[in-house]
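Undergrad: Contents of target_21.txt (compact mmCIF, C-alpha atoms) are below:
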# COMPACT_ATOMS: atom_id res chain seq x y z
CA MET A 257 8.48 -4.53 -14.62
CA LEU A 258 10.72 -1.77 -15.92
CA ALA A 259 9.17 0.45 -18.53
CA TRP A 260 10.63 2.99 -20.92
CA VAL A 261 8.47 5.93 -21.88
CA VAL A 262 9.64 7.74 -24.97
CA TYR A 263 7.77 10.62 -26.51
CA ASP A 264 7.83 13.22 -29.22
CA ILE A 265 5.35 16.01 -28.53
CA SER A 266 5.27 19.38 -30.26
CA ASP A 267 3.08 21.41 -27.91
CA ASN A 268 4.93 22.70 -24.82
CA THR A 269 2.04 22.53 -22.35
CA CYS A 270 1.03 19.11 -23.48
CA ARG A 271 4.62 17.86 -23.26
CA LYS A 272 4.87 19.22 -19.71
CA HIS A 273 1.70 17.36 -18.73
CA VAL A 274 3.06 14.08 -20.07
CA SER A 275 6.41 14.52 -18.33
CA ASP A 276 4.66 15.39 -15.06
CA ALA A 277 2.50 12.28 -15.40
CA CYS A 278 5.64 10.17 -15.83
CA LYS A 279 7.21 11.70 -12.73
CA ASN A 280 4.06 11.13 -10.70
CA TYR A 281 4.17 7.46 -11.57
CA GLY A 282 7.65 7.32 -10.10
CA LEU A 283 9.57 7.19 -13.36
CA TYR A 284 12.97 8.82 -13.58
CA ARG A 285 14.00 11.16 -16.34
CA VAL A 286 16.97 9.63 -18.14
CA GLN A 287 16.94 11.92 -21.17
CA LYS A 288 14.95 14.95 -22.23
CA SER A 289 12.06 12.95 -23.58
CA VAL A 290 12.85 9.54 -22.14
CA PHE A 291 11.61 8.23 -18.79
CA LEU A 292 12.42 4.94 -17.13
CA GLY A 293 11.27 3.15 -14.00
CA GLU A 294 9.35 0.32 -12.36
CA LEU A 295 5.67 0.12 -13.34
CA ASN A 296 3.24 -2.72 -12.84
CA SER A 297 0.82 -3.55 -15.61
CA ASN A 298 -2.01 -1.47 -14.09
CA GLU A 299 0.23 1.56 -13.80
CA ARG A 300 1.40 1.07 -17.38
CA ASP A 301 -2.18 1.00 -18.59
CA SER A 302 -3.33 4.03 -16.64
CA LEU A 303 -0.27 6.04 -17.64
CA ALA A 304 -1.03 5.16 -21.27
CA ILE A 305 -4.59 6.40 -20.87
CA GLU A 306 -3.46 9.66 -19.28
CA CYS A 307 -1.00 10.29 -22.09
CA GLU A 308 -3.51 9.37 -24.74
CA GLU A 309 -5.93 11.99 -23.46
CA GLU A 310 -3.19 14.59 -23.48
CA ILE A 311 -1.56 14.29 -26.89
CA ASP A 312 -2.63 15.25 -30.37
CA GLU A 313 -2.71 11.86 -32.06
CA ASP A 314 -2.15 13.34 -35.51
CA VAL A 315 1.27 14.79 -34.76
CA ASP A 316 2.56 13.47 -31.41
CA SER A 317 3.74 10.08 -30.25
CA VAL A 318 4.23 8.37 -26.88
CA TYR A 319 5.74 4.88 -26.66
CA ILE A 320 5.69 2.73 -23.55
CA PHE A 321 8.09 -0.23 -23.72
CA PRO A 322 8.20 -2.78 -20.94
CA MET A 323 11.56 -4.44 -20.44
CA ASP A 324 12.42 -7.53 -18.43
CA ASP A 325 15.26 -7.64 -15.92
CA GLN A 326 17.35 -9.96 -18.09
CA SER A 327 17.43 -7.46 -20.92
CA PHE A 328 17.98 -4.54 -18.56
CA LYS A 329 21.17 -6.18 -17.31
CA LYS A 330 22.47 -6.17 -20.88
CA VAL A 331 21.80 -2.46 -21.39
CA LYS A 332 24.90 -0.56 -22.44
CA LEU A 333 25.33 3.00 -21.29
CA LEU A 334 27.76 5.34 -23.01
CA GLY A 335 28.55 8.92 -22.11
CA GLN A 336 26.34 10.51 -19.47
CA ALA A 337 24.85 7.41 -17.87
CA PHE A 338 21.85 7.34 -15.55
CA ASP A 339 21.82 5.58 -12.22
CA LYS A 340 20.91 1.97 -13.02
CA ASP A 341 20.20 1.02 -9.40
CA LEU A 342 17.95 4.01 -8.84
CA VAL A 343 15.64 3.35 -11.78
CA SER A 344 15.28 -0.34 -10.97
CA ASP A 345 14.30 0.48 -7.37
CA GLU A 346 17.38 -1.12 -5.89
CA VAL A 347 18.31 1.97 -3.94
CA LEU A 348 16.92 1.49 -0.44
CA THR A 349 18.25 4.64 1.11
CA THR A 350 18.89 8.02 -0.40
CA PHE A 351 21.03 10.44 1.56
CA PHE A 352 20.82 14.11 1.27
CA MET B 17 13.03 3.88 -0.50
CA GLN B 18 13.90 5.78 2.59
CA ILE B 19 15.00 9.37 2.20
CA VAL B 20 17.55 10.42 4.79
CA ILE B 21 18.23 14.10 5.07
CA ASN B 22 21.56 14.48 6.80
CA SER B 23 23.25 17.45 5.22
CA TYR B 24 22.86 20.76 6.96
CA GLY B 25 20.44 23.21 5.38
CA SER B 26 18.60 20.88 3.02
CA TYR B 27 15.12 21.81 1.94
CA LEU B 28 12.24 19.41 1.48
CA LYS B 29 9.18 20.49 -0.41
CA LYS B 30 6.36 19.16 -2.50
CA SER B 31 6.35 19.63 -6.23
CA LYS B 32 3.37 18.24 -8.12
CA ASN B 33 2.99 14.68 -6.84
CA CYS B 34 6.64 14.37 -5.93
CA PHE B 35 8.93 15.23 -3.08
CA LEU B 36 11.76 17.53 -3.96
CA VAL B 37 14.86 17.65 -1.79
CA LYS B 38 17.27 20.44 -2.47
CA ASN B 39 20.45 21.84 -1.10
CA ASP B 40 23.10 24.15 -2.46
CA ASP B 41 24.48 21.85 -5.11
CA LYS B 42 22.09 18.92 -5.43
CA LYS B 43 18.47 18.35 -6.31
CA PHE B 44 16.51 15.12 -6.09
CA GLU B 45 12.92 14.57 -7.10
CA VAL B 46 11.01 11.42 -6.30
CA ALA B 47 7.38 10.35 -6.59
CA ALA B 48 5.44 9.80 -3.35
CA GLY B 49 4.76 6.19 -4.33
CA LYS B 50 8.45 5.36 -4.12
CA VAL B 51 9.01 6.82 -0.66
CA GLU B 52 8.52 4.76 2.44
CA SER B 53 9.72 7.12 5.11
CA ILE B 54 11.66 10.33 5.49
CA MET B 55 14.29 10.63 8.19
CA ILE B 56 15.64 13.98 9.17
CA THR B 57 18.85 13.78 11.15
CA THR B 58 20.11 17.34 10.94
CA ALA B 59 18.94 20.93 10.62
CA ALA B 60 16.73 21.08 7.56
CA THR B 61 13.81 23.09 6.24
CA ILE B 62 10.55 21.42 5.39
CA SER B 63 7.42 22.93 3.94
CA THR B 64 3.97 22.31 5.40
CA ASP B 65 2.84 21.23 1.95
CA ALA B 66 5.39 18.45 2.08
CA ILE B 67 4.20 17.45 5.55
CA LYS B 68 0.58 17.30 4.45
CA PHE B 69 1.56 15.36 1.36
CA ALA B 70 3.52 12.85 3.43
CA VAL B 71 0.66 12.36 5.88
CA GLU B 72 -1.82 11.85 3.05
CA ASN B 73 0.42 9.20 1.54
CA ASN B 74 1.08 7.38 4.82
CA ILE B 75 4.73 8.31 4.74
CA ASP B 76 6.05 9.14 8.16
CA ILE B 77 8.58 11.84 8.79
CA ILE B 78 10.92 11.01 11.64
CA PHE B 79 13.23 13.45 13.36
CA LEU B 80 16.32 11.97 14.98
CA ASP B 81 18.66 13.67 17.41
CA HIS B 82 22.42 13.47 17.61
CA PHE B 83 22.39 10.00 19.13
CA GLY B 84 19.84 8.60 16.71
CA ASP B 85 16.99 8.72 19.17
CA PRO B 86 13.75 9.78 17.54
CA TYR B 87 12.53 12.98 19.23
CA GLY B 88 9.50 13.48 17.07
CA ARG B 89 7.53 12.23 14.16
CA VAL B 90 4.86 13.53 11.87
CA TRP B 91 2.01 11.11 11.55
CA HIS B 92 -1.71 11.51 11.10
CA SER B 93 -3.60 12.51 14.21
CA LYS B 94 -5.78 9.43 14.42
CA LEU B 95 -4.98 6.65 16.84
CA GLY B 96 -5.03 3.37 14.99
CA SER B 97 -7.62 0.62 15.45
CA THR B 98 -10.11 0.17 18.28
CA VAL B 99 -9.97 1.58 21.81
CA LEU B 100 -10.77 -1.87 23.15
CA ILE B 101 -7.18 -2.89 22.43
CA ARG B 102 -5.90 -0.12 24.66
CA ARG B 103 -8.38 -0.92 27.44
CA ARG B 104 -7.27 -4.54 27.43
CA GLN B 105 -3.64 -3.53 27.23
CA LEU B 106 -4.07 -1.63 30.52
CA GLU B 107 -5.71 -4.65 32.16
CA TYR B 108 -3.01 -7.01 30.96
CA SER B 109 -0.23 -4.71 32.02
CA ASP B 110 -0.57 -5.80 35.64
CA ASN B 111 -1.84 -9.36 35.57
CA ALA B 112 -0.25 -12.76 35.22
CA LYS B 113 -1.06 -13.04 31.53
CA GLY B 114 0.87 -9.86 30.90
CA ALA B 115 3.76 -11.29 32.87
CA ARG B 116 3.74 -14.37 30.66
CA MET B 117 3.84 -12.24 27.52
CA ALA B 118 6.65 -10.09 28.85
CA LYS B 119 8.58 -13.18 29.84
CA GLY B 120 8.13 -14.55 26.34
CA TRP B 121 9.64 -11.40 24.82
CA VAL B 122 12.68 -11.50 27.08
CA ASN B 123 13.06 -15.20 26.37
CA GLU B 124 13.08 -14.56 22.65
CA LYS B 125 15.60 -11.77 23.03
CA ILE B 126 17.94 -14.09 24.91
CA ASN B 127 17.43 -16.78 22.28
CA ASN B 128 18.43 -14.28 19.60
CA GLN B 129 21.56 -13.43 21.53
CA VAL B 130 22.51 -17.08 21.94
CA ASP B 131 21.89 -17.78 18.25
CA PHE B 132 24.07 -14.88 17.26
CA LEU B 133 26.93 -15.93 19.51
CA LYS B 134 26.70 -19.44 18.10
CA ASP B 135 26.88 -18.03 14.58
CA LEU B 136 29.94 -16.02 15.51
CA LYS B 137 31.53 -19.11 17.00
CA LYS B 138 31.33 -20.97 13.69
CA ASN B 139 33.76 -18.67 11.91
CA ARG B 140 36.11 -18.12 14.81
CA PRO B 141 37.64 -21.44 15.82
CA GLU B 142 40.30 -19.72 17.95
CA LEU B 143 37.63 -18.20 20.21
CA LYS B 144 35.38 -21.22 20.23
CA GLU B 145 35.86 -22.14 23.86
CA ASP B 146 35.61 -18.63 25.23
CA LEU B 147 32.42 -17.97 23.32
CA GLN B 148 30.95 -21.29 24.40
CA GLU B 149 31.47 -20.29 28.03
CA TYR B 150 29.44 -17.14 27.49
CA VAL B 151 26.75 -19.11 25.68
CA ASP B 152 26.57 -21.55 28.62
CA ASP B 153 26.23 -18.69 31.10
CA ILE B 154 23.43 -17.14 29.09
CA GLU B 155 21.64 -20.48 28.66
CA ASN B 156 21.85 -20.85 32.40
CA LEU B 157 20.13 -17.52 32.91
CA LYS B 158 17.49 -18.57 30.42
CA SER B 159 16.56 -21.58 32.46
CA GLN B 160 16.31 -19.32 35.53
CA LEU B 161 13.89 -17.18 33.54
CA GLN B 162 11.68 -20.18 32.83
CA GLU B 163 11.20 -20.68 36.58
CA VAL B 164 9.83 -17.19 37.13
CA LYS B 165 6.10 -17.20 37.83
CA GLY B 166 3.58 -14.75 39.25
CA ASP B 167 2.07 -11.31 38.76
CA LEU B 168 4.03 -8.71 36.88
CA GLU B 169 4.41 -6.59 40.03
CA GLU B 170 6.26 -9.39 41.81
CA VAL B 171 8.40 -10.69 38.99
CA ARG B 172 9.28 -7.51 37.15
CA GLY B 173 12.53 -7.02 39.04
CA THR B 174 13.62 -10.62 38.62
CA ILE B 175 12.96 -10.68 34.87
CA MET B 176 14.76 -7.39 34.32
CA GLY B 177 17.66 -8.65 36.44
CA ILE B 178 18.04 -11.81 34.37
CA GLU B 179 17.80 -9.82 31.19
CA GLY B 180 20.49 -7.43 32.35
CA MET B 181 22.86 -10.23 33.32
CA ALA B 182 22.34 -11.98 29.99
CA SER B 183 23.06 -8.75 28.14
CA ARG B 184 26.23 -8.15 30.11
CA ASN B 185 27.54 -11.58 29.21
CA TYR B 186 26.46 -11.11 25.63
CA PHE B 187 28.26 -7.81 25.17
CA GLU B 188 31.41 -9.13 26.83
CA ALA B 189 31.38 -11.91 24.27
CA ILE B 190 30.84 -9.44 21.43
CA SER B 191 33.73 -7.31 22.62
CA LEU B 192 35.91 -10.40 22.49
CA ILE B 193 35.38 -10.86 18.77
CA MET B 194 35.96 -7.19 17.91
CA PRO B 195 39.17 -6.15 16.18
CA ASP B 196 41.61 -5.06 18.92
CA LYS B 197 41.25 -1.40 18.09
CA TRP B 198 37.49 -1.44 18.59
CA GLN B 199 37.12 -3.47 21.74
CA PHE B 200 34.86 -1.93 24.35
CA SER B 201 33.94 -2.40 27.94
CA GLY B 202 30.20 -2.59 28.28
CA ARG B 203 27.43 -0.40 26.98
CA SER B 204 27.52 3.36 27.11
CA ARG B 205 25.06 5.92 25.87
CA ASN B 206 24.51 9.68 25.91
CA PRO B 207 27.27 9.89 24.89
CA ALA B 208 28.83 6.65 23.78
CA VAL B 209 32.48 6.37 24.73
CA ASP B 210 33.56 4.12 21.84
CA GLY B 211 32.79 3.47 18.20
CA PHE B 212 30.86 0.28 18.81
CA ASN B 213 28.41 1.91 21.19
CA CYS B 214 28.06 4.90 18.87
CA LEU B 215 26.91 2.74 16.00
CA LEU B 216 24.78 0.53 18.20
CA ASN B 217 23.00 3.45 19.86
CA TYR B 218 22.22 5.00 16.52
CA GLY B 219 20.93 1.70 15.19
CA TYR B 220 18.73 1.22 18.25
CA GLY B 221 17.42 4.74 17.84
CA VAL B 222 16.25 4.00 14.33
CA LEU B 223 14.78 0.74 15.57
CA TYR B 224 12.80 2.59 18.28
CA SER B 225 11.08 4.68 15.68
CA MET B 226 10.18 1.57 13.65
CA VAL B 227 8.75 -0.25 16.66
CA GLU B 228 6.80 2.81 17.73
CA LYS B 229 5.27 3.08 14.29
CA ALA B 230 4.27 -0.59 14.34
CA CYS B 231 2.62 -0.10 17.76
CA ILE B 232 0.64 2.93 16.63
CA ILE B 233 -0.58 1.25 13.45
CA SER B 234 -1.74 -1.85 15.25
CA GLY B 235 -3.60 0.17 17.88
CA LEU B 236 -1.29 -0.58 20.80
CA ASP B 237 -0.50 2.29 23.12
CA PRO B 238 3.27 2.83 23.03
CA TYR B 239 3.17 4.32 26.53
CA VAL B 240 1.60 1.35 28.33
CA GLY B 241 4.37 -1.12 28.94
CA PHE B 242 4.32 -4.48 30.63
CA LEU B 243 7.85 -4.97 31.80
CA HIS B 244 8.91 -1.36 31.80
CA THR B 245 7.02 0.77 34.28
CA ASP B 246 5.08 3.93 33.54
CA ASN B 247 6.71 7.29 33.72
CA TYR B 248 6.33 10.72 32.21
CA ASN B 249 6.61 10.41 28.46
CA LYS B 250 8.18 7.00 28.69
CA LYS B 251 7.31 4.77 25.79
CA SER B 252 7.33 1.67 27.94
CA LEU B 253 5.76 -0.70 25.44
CA VAL B 254 8.27 0.33 22.80
CA PHE B 255 11.05 -0.45 25.28
CA ASP B 256 9.45 -3.84 25.95
CA LEU B 257 9.01 -4.79 22.33
CA ILE B 258 12.29 -3.49 20.97
CA GLU B 259 14.03 -6.31 22.81
CA LEU B 260 12.78 -8.66 20.11
CA TYR B 261 14.48 -6.71 17.34
CA ARG B 262 17.70 -5.37 18.85
CA ILE B 263 19.45 -8.34 17.32
CA HIS B 264 19.01 -6.86 13.82
CA ALA B 265 20.96 -3.77 14.84
CA ASP B 266 23.52 -5.90 16.70
CA ARG B 267 24.16 -8.10 13.69
CA THR B 268 24.42 -5.14 11.35
CA VAL B 269 26.92 -3.32 13.55
CA VAL B 270 29.07 -6.37 14.28
CA ASN B 271 29.11 -7.16 10.56
CA LEU B 272 30.35 -3.68 9.76
CA PHE B 273 33.24 -4.21 12.14
CA SER B 274 34.13 -7.69 11.00
CA LYS B 275 34.12 -6.57 7.37
CA ARG B 276 36.43 -3.70 8.39
CA LYS B 277 34.06 -1.08 7.10
CA VAL B 278 34.38 1.10 10.18
CA ASN B 279 37.08 3.76 10.36
CA ASP B 280 37.97 6.76 12.49
CA GLU B 281 36.54 9.22 9.97
CA MET B 282 33.04 8.07 10.86
CA PHE B 283 33.15 9.56 14.34
CA ASP B 284 33.48 13.03 15.83
CA SER B 285 34.70 13.46 19.36
CA ILE B 286 32.57 15.38 21.80
CA PRO B 287 33.12 16.03 25.51
CA ASN B 288 33.20 12.65 27.31
CA GLY B 289 32.67 10.56 24.24
CA LEU B 290 32.06 10.13 20.54
CA THR B 291 29.23 10.71 18.11
CA LEU B 292 28.51 9.36 14.70
CA ASN B 293 28.98 11.98 11.99
CA GLU B 294 27.28 12.42 8.64
CA GLU B 295 29.51 9.88 6.94
CA GLY B 296 29.10 7.35 9.72
CA LYS B 297 25.31 7.66 9.67
CA ALA B 298 25.28 7.10 5.92
CA VAL B 299 27.35 3.91 6.21
CA LEU B 300 25.24 2.55 9.07
CA LEU B 301 21.80 3.40 7.70
CA GLN B 302 22.62 2.00 4.28
CA VAL B 303 23.65 -1.37 5.67
CA PHE B 304 20.88 -1.37 8.27
CA ASN B 305 18.23 -0.83 5.62
CA GLU B 306 19.74 -3.65 3.58
CA THR B 307 19.47 -5.92 6.62
CA MET B 308 15.83 -4.98 7.14
CA GLU B 309 15.08 -5.81 3.50
CA LYS B 310 16.20 -9.42 3.95
CA LYS B 311 13.47 -12.01 3.90
CA ILE B 312 12.97 -14.55 6.62
CA SER B 313 10.51 -17.34 7.09
CA TYR B 314 7.73 -16.10 9.36
CA ASN B 315 4.76 -18.35 10.16
CA GLY B 316 5.39 -20.26 6.97
CA ARG B 317 5.64 -17.19 4.77
CA ASN B 318 8.62 -15.35 3.41
CA ILE B 319 8.48 -11.78 4.61
CA LYS B 320 10.91 -8.92 4.98
CA LEU B 321 12.51 -8.38 8.36
CA LYS B 322 11.21 -4.84 8.57
CA ASN B 323 7.65 -6.09 8.23
CA THR B 324 7.91 -8.62 11.04
CA MET B 325 7.44 -5.84 13.60
CA GLN B 326 4.09 -4.90 12.14
CA TYR B 327 2.92 -8.51 12.04
CA ASP B 328 4.07 -9.08 15.62
CA CYS B 329 2.27 -5.99 16.88
CA HIS B 330 -0.94 -6.97 15.12
CA LYS B 331 -0.60 -10.40 16.65
CA ILE B 332 -0.18 -8.94 20.13
CA ALA B 333 -3.11 -6.58 19.62
CA ASN B 334 -5.31 -9.43 18.43
CA SER B 335 -4.33 -11.65 21.32
CA LEU B 336 -5.38 -8.89 23.73
CA ILE B 337 -8.92 -8.65 22.42
CA LYS B 338 -9.50 -12.33 21.82
Go through the file and emit its structure as structure tokens.
TA:
Amino acid sequence: MLAWVVYDISDNTCRKHVSDACKNYGLYRVQKSVFLGELNSNERDSLAIECEEEIDEDVDSVYIFPMDDQSFKKVKLLGQAFDKDLVSDEVLTTFF
Amino acid sequence: MQIVINSYGSYLKKSKNCFLVKNDDKKFEVAAGKVESIMITTAATISTDAIKFAVENNIDIIFLDHFGDPYGRVWHSKLGSTVLIRRRQLEYSDNAKGARMAKGWVNEKINNQVDFLKDLKKNRPELKEDLQEYVDDIENLKSQLQEVKGDLEEVRGTIMGIEGMASRNYFEAISLIMPDKWQFSGRSRNPAVDGFNCLLNYGYGVLYSMVEKACIISGLDPYVGFLHTDNYNKKSLVFDLIELYRIHADRTVVNLFSKRKVNDEMFDSIPNGLTLNEEGKAVLLQVFNETMEKKISYNGRNIKLKNTMQYDCHKIANSLIK
């Protein structure tokens, strides 16, 4: 299922670790502190654990929102939009 | 997803647990878990870190030449599965059982061709009779094939002859349904003389690399063929098995033409023929990968076309050691 990861982290190193973790799980960066991509429930859980260990729970926050395909189709993108097909794993071939 | 590197001077490296592809104006980062294979079809730079990372993650890196033929691949250095499979494969490659298997493959290939022609006939009432004639000829050859019996040594020539005749009929029929501009006379390779053969050769090239991978994983030796004879560096078994899957490339290419997605800009001329350029490769590979993603019913299960090769190879390997 698609998952949004949204965070607000004050410490630079810690923020970098969380963003790297998101990338390693195959999420795509859609805004500075917003990641989006396909994650199964195990991956969602283990990403949550990794982030939890990283952040300072008194000041920082990390949210992981799952989203079903129906809702994703209704998403509206204004301005600089991300690649909808790419984040939902519908791109089979990437050319470079 | 499959990453295809086809712009000159791109750079592939590892960054954290991701692959990073870079060229002058673009950058693309993707996690290893999302990548299935990496195809390199032009001059590119690749770091050894990236190679190691790909091998560790079971992602194979395939290098394709101008015509789409794979000239190399990076894959772990272990041969898959048990040696017993390869021992048996050698025994089978010159006995009657092997002949039966080889005959079965050719038979299936011809069936695929007939099915495809029949499909084409449905939407083309004006060519119905002409196509039917070709189908009849091919069916005729198929019944000749059924009669063939004996050791591989004796029947190899006959089977290959029947296969060749069927293919000639088949391609004549295909040429018939092509838009006038793209009609062709027979197969040509290295180089292809027309657009159809260009696309087809490139598609087959990609298919070769897929079949080879399936053989290696299932423990079959790609160099020990049944129908195709041994020779220096000749992947005979790959040549044997690819016959089962050529139809996927055929359908993809014919579809491209009938949907009028092929144009002159996709080809570059070279001495004595044509080659597919960067744009052409992108169009073909995109559609080809979509085809391979389609699900078909296989032994009562719904599986993707691209996975059928692996299942088939495992099945062959298992039947050898039974």
Undergrad: Could you tell me how far CA of Asn74 in chain B sits from CA of His92 in chain B, in Å to one decimal place?
TA: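 CA of Asn74 in chain B lies 8.0 Å from CA of His92 in chain B.
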Undergrad: Counting all atoms listed in the file, which residues from chain B have an atom at most 8 Å from any atom of chain A, and could you show them as a count of residues only?
TA: 22
Undergrad: Please, what distance in Å, to one decimal, runs between CA of Glu179 in chain B and CA of Ala333 in chain B?
TA: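 Distance reported for this atom pair: 24.1 Å.
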Undergrad: Give the answer as one residue: which of B:Leu161, B:Ile54, B:Ile193, B:Ala230 has the shortest atom-to-atom distance to Tyr327 in chain B, using only C-alpha atoms?
TA: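 Answer, going by the shortest atom-to-atom distance: B:Ala230.
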Undergrad: So which one's closest to Gln105 in chain B, B:Leu236, B:Val130, B:Leu136, B:Leu290? Using only C-alpha atoms, please.
TA: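 Closest to Gln105 in chain B of all the choices is B:Leu236.
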Undergrad: Set the distance at 12 Å and use only C-alpha atoms: which residues neighbour range 325-330 of chain A once local chain neighbours fewer than 5 positions away are removed? I'd like the list as a compact mmCIF listing (two decimals) with C-alpha atoms, in the coordinates of the input.
TA:
# COMPACT_ATOMS: atom_id res chain seq x y z
CA MET A 257 8.48 -4.53 -14.62
CA LEU A 258 10.72 -1.77 -15.92
CA ALA A 259 9.17 0.45 -18.53
CA TRP A 260 10.63 2.99 -20.92
CA LEU A 292 12.42 4.94 -17.13
CA GLY A 293 11.27 3.15 -14.00
CA GLU A 294 9.35 0.32 -12.36
CA LYS A 340 20.91 1.97 -13.02
CA ASP A 341 20.20 1.02 -9.40
CA VAL A 343 15.64 3.35 -11.78
CA SER A 344 15.28 -0.34 -10.97
CA ASP A 345 14.30 0.48 -7.37
